[in-house]
Amino acid sequence: MKNVNASLKLAIVASVGLLMATAADAAIVNVTSGGVADATAGQTSVFAGAAGAVTYDMSSDPGFTGSNVVFATGTDPGLNAAPYGDSTQYASVGTSVIPANSALNLSGNYNYVGLYWGSVDTYNTLIVTDATGNHVVNAATYSSILTPAIGDQGPNGSLYINIFTDSAITKLTFLSDQRAFEFDNLTVAAVPEASTWAMMILGFLGLGFIGYRRSSRVSGPAFRLV
C-alpha cells in the first residue's frame, strides 16, 4: 500500500509540474477542439455568454482590415462553403481575392479566442498576436487538432477551435492562399491562466487521492474480516 500511495503522490507532482512548465514555456498555452452545438449555426464557444465575453456571429462586419472579407450564407461552389450545419451568415477570407490577409484588432484583456472553423484546409492560417509576438495556428502547427485538413464540407470537416494564450490577445489575422477560409461564431474572452488550471487540476487530483485513501481504509478491514 505504501508503494501505491507513493506512486500516486509522484503522479500528482509530475502532472502538475508538467502543466506549470507548459504554462511557463509556451506562448500559446493550449489549442483544443470542441464547442457547443447550435441548431442553426453549427457550433458556438463554451464561453459564449460568459461575463465579459464577446461573440461575433458575423451578422455584420466586426471591423476587419486588410483583404476584403465576404459575409455569406450557404455555399457558392468554387468560392466559399458554409461551415457544416451553419445556416446563418459566416465570414469568408479569400473568396474575392487570393492570397488574402484580413485582420481584426482587439482591445481588452482577452486571452482566449474561439471560432467555428469551416471545412479546414492546409492553406488556412490564423495568426494570434499577443504581447509575446505572433503565433501560428494551422494544420501544420497543430496537425492533431486541425484534422482532416482536406476541405471536407461534411460533419467531420468543420471544427470549433479554442485557443488559450498566456497574455492579452491584441490582433487576429486570417490568411488564406486559396478559396477560402470560412469561419463563424468568433468569441473572445478572459479565462483563467494556465497556472490557475494547474492548481485546479492539483486540487482535483488531491481530492481523488484522499478519496482513494478513504476507500482503501474502508475496504481493507472489511477484507480482513472475511
# chains A, B, ... in the order shown; residues from 1 in each chain; ligands from 1
$ residues_around --residues "stretch 173-179 of chain A" --least-positions-apart "6" --cutoff "7 Å" --atoms "only C-alpha atoms" --output "mmCIF file with C-alpha atoms, in the first residue's frame"
data_model
loop_
_atom_site.group_PDB
_atom_site.id
_atom_site.type_symbol
_atom_site.label_atom_id
_atom_site.label_comp_id
_atom_site.auth_asym_id
_atom_site.auth_seq_id
_atom_site.Cartn_x
_atom_site.Cartn_y
_atom_site.Cartn_z
ATOM 1 C CA LEU A 79 -15.812 30.304 -53.865
ATOM 2 C CA ASN A 80 -16.910 29.573 -50.287
ATOM 3 C CA VAL A 93 -11.451 35.172 -46.265
ATOM 4 C CA GLY A 94 -10.041 34.510 -49.733
ATOM 5 C CA THR A 95 -13.296 34.497 -51.678
ATOM 6 C CA ILE A 98 -6.180 35.383 -53.042
ATOM 7 C CA PRO A 99 -3.849 35.280 -51.272
ATOM 8 C CA ALA A 100 -5.875 37.058 -48.605
ATOM 9 C CA ASN A 101 -4.798 38.715 -45.358
ATOM 10 C CA SER A 102 -7.580 40.007 -43.105
ATOM 11 C CA ALA A 103 -7.084 41.222 -39.544
ATOM 12 C CA LEU A 104 -9.237 42.032 -36.540
ATOM 13 C CA TYR A 123 -3.966 26.752 -46.781
ATOM 14 C CA ASN A 124 -5.987 28.280 -43.914
ATOM 15 C CA THR A 125 -3.954 30.014 -41.201
ATOM 16 C CA LEU A 126 -4.889 32.014 -38.114
ATOM 17 C CA ILE A 127 -2.170 34.164 -36.550
ATOM 18 C CA VAL A 128 -2.789 35.133 -32.932
#
$ residues_around --residues "stretch 59-65 of chain A" --least-positions-apart "4" --cutoff "12 Å" --atoms "only C-alpha atoms" --output "JSON, numbers by chain"
{"A": [41, 54, 55, 69, 70, 71, 72, 73, 87, 88, 89, 90, 91, 92, 93, 100, 101, 102, 103, 104, 105, 106, 171, 172, 173, 174, 184, 185, 186, 187]}
$ closest_residue --among "A:Pro83, A:Pro192, A:Gly108, A:Gly157" --to "A:Thr44" --atoms "only C-alpha atoms"
A:Pro83
$ closest_residue --among "A:Asp166, A:Gly151, A:Val97, A:Asn109" --to "A:Gly66" --atoms "only C-alpha atoms"
A:Val97
$ closest_residue --among "A:Met58, A:Ala189, A:Ala37, A:Ala140" --to "A:Thr165" --atoms "only C-alpha atoms"
A:Ala189
